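*Asks:* I'd like to ask you about the structure that follows.
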Protein chains: 4
Amino acid sequence: MSQKTDAKRQLIIDKATEIFSSKGYREVTMKDIVENCEISRGGLYLYYSSTEEIFLDVLSEDQEGENIEDLEGASAAELLLWFLKEQKREILKKKNNLIVAKYEYAFACRQNGKNSGVKKKIDTESLILEKILVKGNESGEFVCKDPKATASNMLYALQGMKVCQGTAGITEKKVDSELVYMMRQFMEVED
Amino acid sequence: MSQKTDAKRQLIIDKATEIFSSKGYREVTMKDIVENCEISRGGLYLYYSSTEEIFLDVLSEDQEGENIEDLEGASAAELLLWFLKEQKREILKKKNNLIVAKYEYAFACRQNGKNSGVKKKIDTESLILEKILVKGNESGEFVCKDPKATASNMLYALQGMKVCQGTAGITEKKVDSELVYMMRQFMEVED
Amino acid sequence: MSQKTDAKRQLIIDKATEIFSSKGYREVTMKDIVENCEISRGGLYLYYSSTEEIFLDVLSEDQEGENIEDLEGASAAELLLWFLKEQKREILKKKNNLIVAKYEYAFACRQNGKNSGVKKKIDTESLILEKILVKGNESGEFVCKDPKATASNMLYALQGMKVCQGTAGITEKKVDSELVYMMRQFMEVED
Amino acid sequence: MSQKTDAKRQLIIDKATEIFSSKGYREVTMKDIVENCEISRGGLYLYYSSTEEIFLDVLSEDQEGENIEDLEGASAAELLLWFLKEQKREILKKKNNLIVAKYEYAFACRQNGKNSGVKKKIDTESLILEKILVKGNESGEFVCKDPKATASNMLYALQGMKVCQGTAGITEKKVDSELVYMMRQFMEVED
DNA sequence: AATGAATGAGCCTTCATTCAT
DNA sequence: TATGAATGAAGGCTCATTCAT
């Protein structure tokens with residue numbers, strides 16, 4: 001019954017998302033998962049054989065639906081705003097915020113010599129941002145001498161905010177002012 | 001004998017530093033420590049009663065000697081260079097790099113409602129950097145409209161690089177170009 | 001399977017009863033229990049998470065079936081004999097005698113500020129005995145001026161014998177002569 | 001330095017008495033002793049090599065000075081009062097009450113097949129009490145048909161009160177009324 | 001005599017994983 | 001598929017006891 005199976009799998013992922021979001025990655029045990037999904041110990045192993053496997057599915061699920069908005073024909077400024085809004089949403093998300101879990105997972109991968117996909121994700125985002133900046137330059141919306149460097153710098157700052165959210169915490173106001181600061185480097189922004 | 005005791009304690013901290021640096025914070029067990037220091041299970045408990053206690057001492061030790069350089073009478077540019085050099089050193093440090101462990105600890109603290117001291121450290125660094133920028137403005141070395149915002153932005157970017165080092169990895173070249181990018185915002189930099 | 005589970009639980013209680021009866025309460029470890037039931041270290045924790053929990057179940061089990069006899073319509077003398085016979089049985093019981101364990105547990109509880117239930121048990125027994133004495137007075141079987149005080153005194157003496165059994169030991173003959181002594185205070189007893 | 005040695009030994013016994021009185025016998029560790037006496041771990045072993053050894057010395061010390069009163073030429077009633085007062089004192093003693101520790105020790109001994117001396121102590125007390133009763137009979141102070149049985153019964157009741165003190169607790173009023181009840185069996189007592 | 005660091009055994013508890021049903 | 005009892009390894013912690021100084 002693939003359908004039934006999928007429903008079960010989905011249930012696991014949903015509950016696991018909550019768990020990873022509140023406990024991070026390393027702390028979560030198979031027991032945690034079992035006790036929160038309506039499933040038996042043995043049953044869970046029919047679907048997943050480690051917290052890592054589960055986490056990877058949680059991640060895929062989490063990334064789906066990020067690009068839902070239709071941005072065909074959008075201006076560079078619109079694209080940029082959308083991009084930063086997404087970033088802001090991720091940083092400030094109250095429920096099911098996986099930032100800490102992601103970093104813990106990435107740390108664990110690096111220590112085990114595995115590839116966590118973080119590098120790839122950063123590279124992708126970097127490219128997107130760079131393209132947006134280039135487009136803005138061309139359309140005259142932005143004035144950005146070195147789009148590559150600017151994109152890179154922005155991404156590091158965004159990562160800094162994310163990690164800050166997982167440690168000291170960060171307020172929406174702070175995030176906003178940081179985003180404004182970034183944008184001012186290449187465009188006019190009203191406060 | 002306090003001297004002997006201190007030597008032992010130092011040995012523990014030294015070995016623990018290596019361990020935390022290679023395994024991060026969460027994964028490390030008292031057993032790991034025991035097996036790497038020439039000490040017995042019970043013996044370790046004479047000095048420390050948890051990995052957290054050990055880690056906190058490792059941190060103190062790690063932070064000692066950061067400010068050794070004599071910076072009396074230095075110019076703003078010199079101070080800034082020193083500050084960034086310290087940051088760069090921390091990011092790229094090959095041996096005993098505690099970045100990952102620090103973040104894992106900070107994450108764990110946040111989850112347990114403890115204070116990891118990260119916020120305080122960031123605030124302090126932010127203040128230092130801001131003062132340097134103000135000083136540079138006054139001496140005419142820098143042109144920086146909003147030192148507070150600039151300092152904040154730089155620190156996030158630095159944090160981003162640190163966390164990147166713990167996940168995807170980062171090259172010296174990349175760090176350098178980021179630092180140059182930052183500095184260009186308020187001063188002339190040759191490549 | 002609840003049935004299978006119950007069987008296991010019963011096995012644990014049975015073995016534990018033997019252990020507590022031979023080692024008392026304080027000395028018994030989870031390891032002792034594990035090694036005597038055919039169960040694994042972790043397995044035991046599925047049923048009980050401390051020796052105290054196990055002991056409390058051992059006690060309940062031990063007290064079941066104490067009141068089996070049908071005493072409806074019995075005379076005061078019959079009731080008294082039944083009561084004392086029960087006490088005698090408890091004192092002299094060869095197998096699975098939990099007297100020492102009970103006292104050790106009660107001591108431990110007192111030291112920890114917990115309620116061991118001993119007081120309640122004594123109060124209950126005191127009341128039962130008193131009622132029997134009153135009934136005997138009314139039916140003319142006994143002549144007992146102060147049933148409350150007599151009941152209290154008898155219970156202390158019985159407790160004294162119990163504790164004596166756990167320390168110096170006591171013979172059946174001795175118990176019998178004590179019981180006879182007590183009864184003579186308010187009724188005719190042939191040797 | 002036998003003198004110095006004795007002082008140290010005395011210190012150990014004094015502190016140990018407090019400890020045994022608050023923790024009972026089984027729970028007390030060599031560590032407890034060490035930490036409460038001003039002595040080193042190794043030092044303690046120069047005097048005693050187990051908690052049992054220490055406890056036995058604590059007991060001897062505790063029993064010394066029990067018979068200080070001069071009872072030469074006392075009447076049976078006086079002797080009895082003195083005896084019961086001593087018992088009452090032991091039961092109600094607030095500070096350094098070793099009742100629980102004694103029972104725990106006696107239980108432990110019985111389980112190990114050792115002789116705890118409890119039996120001997122009871123026999124001795126029984127004999128003393130019996131002699132007092134006989135003497136009272138002869139002087140006409142008491143009317144007690146079977147002094148042996150009465151003595152035995154009284155001692156069990158006293159033991160019952162002691163053990164009760166260690167478990168449920170007992171009030172002075174209760175002890176008093178029990179003592180009065182006992183005495184009424186063979187003498188006139190005003191309330 | 002005295003110290004207290006050091007040892008290692010022993011018990012506690014939790015967890016990933018298996019397996020009979 | 002699904003269950004959940006059972007296992008045993010792993011790590012945490014404490015304690016009696018020893019030993020170099």
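Chain lettering (A, B, ...) mirrors the order of the structure tokens, residue numbering begins at 1 for each chain separately, and ligand numbering begins at 1 in order of display.
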Please identify all polymer residues within 12 Å of A:Leu71, counting only C-alpha atoms (C1' of nucleotides), omitting same-chain residues fewer than 2 positions from it, and present them as JSON, numbers by chain.

*Replies:* {"A": [67, 68, 69, 73, 74, 75, 76, 77, 78, 79, 80, 81, 82, 83, 132]}

*Asks:* For chain C, work out the contacting residues on chain E at 12 Å, counting only C-alpha atoms (C1' of nucleotides), and write them as a PyMOL selection string.

*Replies:* chain E and resi 10-15+21

*Asks:* Print the selection's residues with C-alpha atoms (C1' of nucleotides) to a file, as a PDB file, in the first residue's frame.

*Replies:*
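File written: out_29.pdb
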ATOM      1  C1'  DG E  10      30.616  -1.751  40.467  1.00  0.00           C
ATOM      2  C1'  DC E  11      26.115  -0.039  39.854  1.00  0.00           C
ATOM      3  C1'  DC E  12      22.901   3.016  37.347  1.00  0.00           C
ATOM      4  C1'  DT E  13      20.575   4.249  33.171  1.00  0.00           C
ATOM      5  C1'  DT E  14      19.621   4.922  28.293  1.00  0.00           C
ATOM      6  C1'  DC E  15      19.680   3.806  23.568  1.00  0.00           C
ATOM      7  C1'  DT E  21       4.862 -13.070  16.653  1.00  0.00           C
TER       8       DT E  21
END

*Asks:* Quick one: which residues from chain F are at most 12 Å off chain B, using only C-alpha atoms (C1' of nucleotides), as an NGL selection string?

*Replies:* :F and (10-15 or 21)

*Asks:* Would you compute the distance between atom CA of B:Lys15 and atom CA of B:Glu27? Give it in Å to one decimal.

*Replies:* 15.3 Å

*Asks:* Residues of chain C that approach chain D to 9 Å or less, counting only C-alpha atoms: could you list each one with the shortest pair of atoms and its distance in Å to one decimal, rows by chain and increasing residue number, as a tab-separated table?

*Replies:*
residue	atom	partner	partner_atom	distance
C:Ser22	CA	D:Gln111	CA	7.0
C:Lys23	CA	D:Gln111	CA	6.5
C:Gly24	CA	D:Phe107	CA	7.9
C:Arg26	CA	D:Arg26	CA	7.3
C:Glu27	CA	D:Arg26	CA	8.0
C:Val100	CA	D:Phe107	CA	6.6
C:Tyr103	CA	D:Thr167	CA	7.5
C:Glu104	CA	D:Glu104	CA	6.8
C:Tyr105	CA	D:Thr167	CA	8.9
C:Ala106	CA	D:Thr167	CA	5.2
C:Phe107	CA	D:Thr167	CA	5.3
C:Ala108	CA	D:Gly24	CA	8.3
C:Cys109	CA	D:Thr167	CA	7.7
C:Arg110	CA	D:Thr167	CA	5.8
C:Gln111	CA	D:Lys23	CA	6.8
C:Asn115	CA	D:Ala168	CA	8.3
C:Ser116	CA	D:Thr167	CA	7.8
C:Gly117	CA	D:Ala168	CA	8.3
C:Val118	CA	D:Ala168	CA	6.2
C:Lys119	CA	D:Ala168	CA	4.9
C:Lys120	CA	D:Ala168	CA	8.5
C:Ile122	CA	D:Ala168	CA	8.8
C:Ala149	CA	D:Tyr181	CA	7.2
C:Thr150	CA	D:Tyr181	CA	8.0
C:Ser152	CA	D:Glu178	CA	7.9
C:Asn153	CA	D:Glu178	CA	6.6
C:Met154	CA	D:Ala157	CA	7.5
C:Leu155	CA	D:Gly160	CA	7.7
C:Tyr156	CA	D:Gly160	CA	4.3
C:Ala157	CA	D:Ala157	CA	3.8
C:Leu158	CA	D:Gly160	CA	7.1
C:Gln159	CA	D:Gly160	CA	4.7
C:Gly160	CA	D:Gly160	CA	3.9
C:Met161	CA	D:Tyr156	CA	6.0
C:Lys162	CA	D:Gly160	CA	8.4
C:Val163	CA	D:Val163	CA	7.5
C:Cys164	CA	D:Tyr156	CA	8.1
C:Gly166	CA	D:Phe107	CA	5.8
C:Thr167	CA	D:Ala106	CA	5.2
C:Ala168	CA	D:Lys119	CA	4.8
C:Gly169	CA	D:Lys119	CA	8.0
C:Ser177	CA	D:Ala149	CA	8.0
C:Glu178	CA	D:Asn153	CA	6.5
C:Tyr181	CA	D:Ala149	CA	7.1
C:Met182	CA	D:Asn153	CA	8.1
C:Gln185	CA	D:Gln185	CA	8.6

*Asks:* For the residues in that selection, give me C-alpha atoms as a PDB file, in the first residue's frame.

*Replies:*
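Ended up saving to out25.pdb:
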ATOM      1  CA  SER C  22      17.405 -12.646  51.987  1.00  0.00           C
ATOM      2  CA  LYS C  23      19.234  -9.356  51.542  1.00  0.00           C
ATOM      3  CA  GLY C  24      16.847  -6.851  53.082  1.00  0.00           C
ATOM      4  CA  ARG C  26      18.937  -1.363  51.146  1.00  0.00           C
ATOM      5  CA  GLU C  27      21.519  -3.811  49.894  1.00  0.00           C
ATOM      6  CA  VAL C 100      13.815  -7.032  57.688  1.00  0.00           C
ATOM      7  CA  TYR C 103      11.952  -2.236  58.413  1.00  0.00           C
ATOM      8  CA  GLU C 104      14.920  -1.221  56.315  1.00  0.00           C
ATOM      9  CA  TYR C 105      12.555   0.365  53.872  1.00  0.00           C
ATOM     10  CA  ALA C 106      10.680   2.155  56.617  1.00  0.00           C
ATOM     11  CA  PHE C 107      13.963   3.443  58.052  1.00  0.00           C
ATOM     12  CA  ALA C 108      15.051   4.639  54.639  1.00  0.00           C
ATOM     13  CA  CYS C 109      11.746   6.394  54.092  1.00  0.00           C
ATOM     14  CA  ARG C 110      11.938   8.158  57.419  1.00  0.00           C
ATOM     15  CA  GLN C 111      15.441   9.354  56.606  1.00  0.00           C
ATOM     16  CA  ASN C 115       5.957   8.080  54.020  1.00  0.00           C
ATOM     17  CA  SER C 116       6.552   4.364  54.160  1.00  0.00           C
ATOM     18  CA  GLY C 117       2.995   3.478  55.010  1.00  0.00           C
ATOM     19  CA  VAL C 118       4.168   1.819  58.207  1.00  0.00           C
ATOM     20  CA  LYS C 119       2.320   4.273  60.429  1.00  0.00           C
ATOM     21  CA  LYS C 120      -0.880   3.717  58.543  1.00  0.00           C
ATOM     22  CA  ILE C 122       0.071   0.108  62.498  1.00  0.00           C
ATOM     23  CA  ALA C 149      -4.259   0.823  75.536  1.00  0.00           C
ATOM     24  CA  THR C 150      -4.204  -2.945  75.452  1.00  0.00           C
ATOM     25  CA  SER C 152      -1.493  -0.504  71.536  1.00  0.00           C
ATOM     26  CA  ASN C 153       0.629  -2.437  73.972  1.00  0.00           C
ATOM     27  CA  MET C 154       0.088  -5.692  72.139  1.00  0.00           C
ATOM     28  CA  LEU C 155       1.092  -4.158  68.841  1.00  0.00           C
ATOM     29  CA  TYR C 156       4.305  -2.775  70.252  1.00  0.00           C
ATOM     30  CA  ALA C 157       5.149  -6.165  71.684  1.00  0.00           C
ATOM     31  CA  LEU C 158       4.382  -7.785  68.352  1.00  0.00           C
ATOM     32  CA  GLN C 159       6.590  -5.277  66.606  1.00  0.00           C
ATOM     33  CA  GLY C 160       9.266  -6.001  69.136  1.00  0.00           C
ATOM     34  CA  MET C 161       9.094  -9.677  68.264  1.00  0.00           C
ATOM     35  CA  LYS C 162       9.249  -8.950  64.577  1.00  0.00           C
ATOM     36  CA  VAL C 163      12.307  -6.820  64.863  1.00  0.00           C
ATOM     37  CA  CYS C 164      13.831  -9.366  67.176  1.00  0.00           C
ATOM     38  CA  GLY C 166      15.281  -9.854  62.129  1.00  0.00           C
ATOM     39  CA  THR C 167      18.151  -9.414  64.543  1.00  0.00           C
ATOM     40  CA  ALA C 168      18.680 -11.942  67.294  1.00  0.00           C
ATOM     41  CA  GLY C 169      16.131 -14.406  66.003  1.00  0.00           C
ATOM     42  CA  SER C 177       4.656 -17.889  75.285  1.00  0.00           C
ATOM     43  CA  GLU C 178       4.536 -14.189  74.495  1.00  0.00           C
ATOM     44  CA  TYR C 181       1.165 -13.827  78.119  1.00  0.00           C
ATOM     45  CA  MET C 182      -0.651 -11.144  76.176  1.00  0.00           C
ATOM     46  CA  GLN C 185      -4.237 -10.048  80.389  1.00  0.00           C
TER      47      GLN C 185
END

*Asks:* Excluding A:Glu61 and any residue of its chain fewer than 3 positions from it, enumerate the residues within 10 Å of it, using only C-alpha atoms (C1' of nucleotides), and give them as number ranges by chain.

*Replies:* A: 10, 13-14, 17, 55-58, 64-66

*Asks:* Could the residues in this selection be saved with C-alpha atoms as a PDB file, in the first residue's frame?

*Replies:*
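Below is the file out_12.pdb, written as the result:
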ATOM      1  CA  GLN A  10       4.574  11.826   6.135  1.00  0.00           C
ATOM      2  CA  ILE A  13       8.433  13.490   8.926  1.00  0.00           C
ATOM      3  CA  ASP A  14       5.948  15.959  10.379  1.00  0.00           C
ATOM      4  CA  THR A  17      10.340  18.125  12.078  1.00  0.00           C
ATOM      5  CA  PHE A  55      16.605  14.267   9.143  1.00  0.00           C
ATOM      6  CA  LEU A  56      17.520  14.235   5.475  1.00  0.00           C
ATOM      7  CA  ASP A  57      13.887  13.668   4.585  1.00  0.00           C
ATOM      8  CA  VAL A  58      12.857  16.381   6.997  1.00  0.00           C
ATOM      9  CA  GLU A  64       9.974  22.104  -0.820  1.00  0.00           C
ATOM     10  CA  GLY A  65       7.611  24.977  -1.294  1.00  0.00           C
ATOM     11  CA  GLU A  66      10.302  27.546  -0.781  1.00  0.00           C
TER      12      GLU A  66
END

*Asks:* Identify all residues of chain A in alpha helix (DSSP H) (DSSP on the backbone) and supply them as a ChimeraX atom specification.

*Replies:* /A:2-23,30-36,41-47,51-63,76-92,99-112,118-139,147-167,172-184

*Asks:* Between atom CA of B:Leu44 and atom CA of B:Thr5, what is the distance, to one decimal in Å?

*Replies:* 11.5 Å
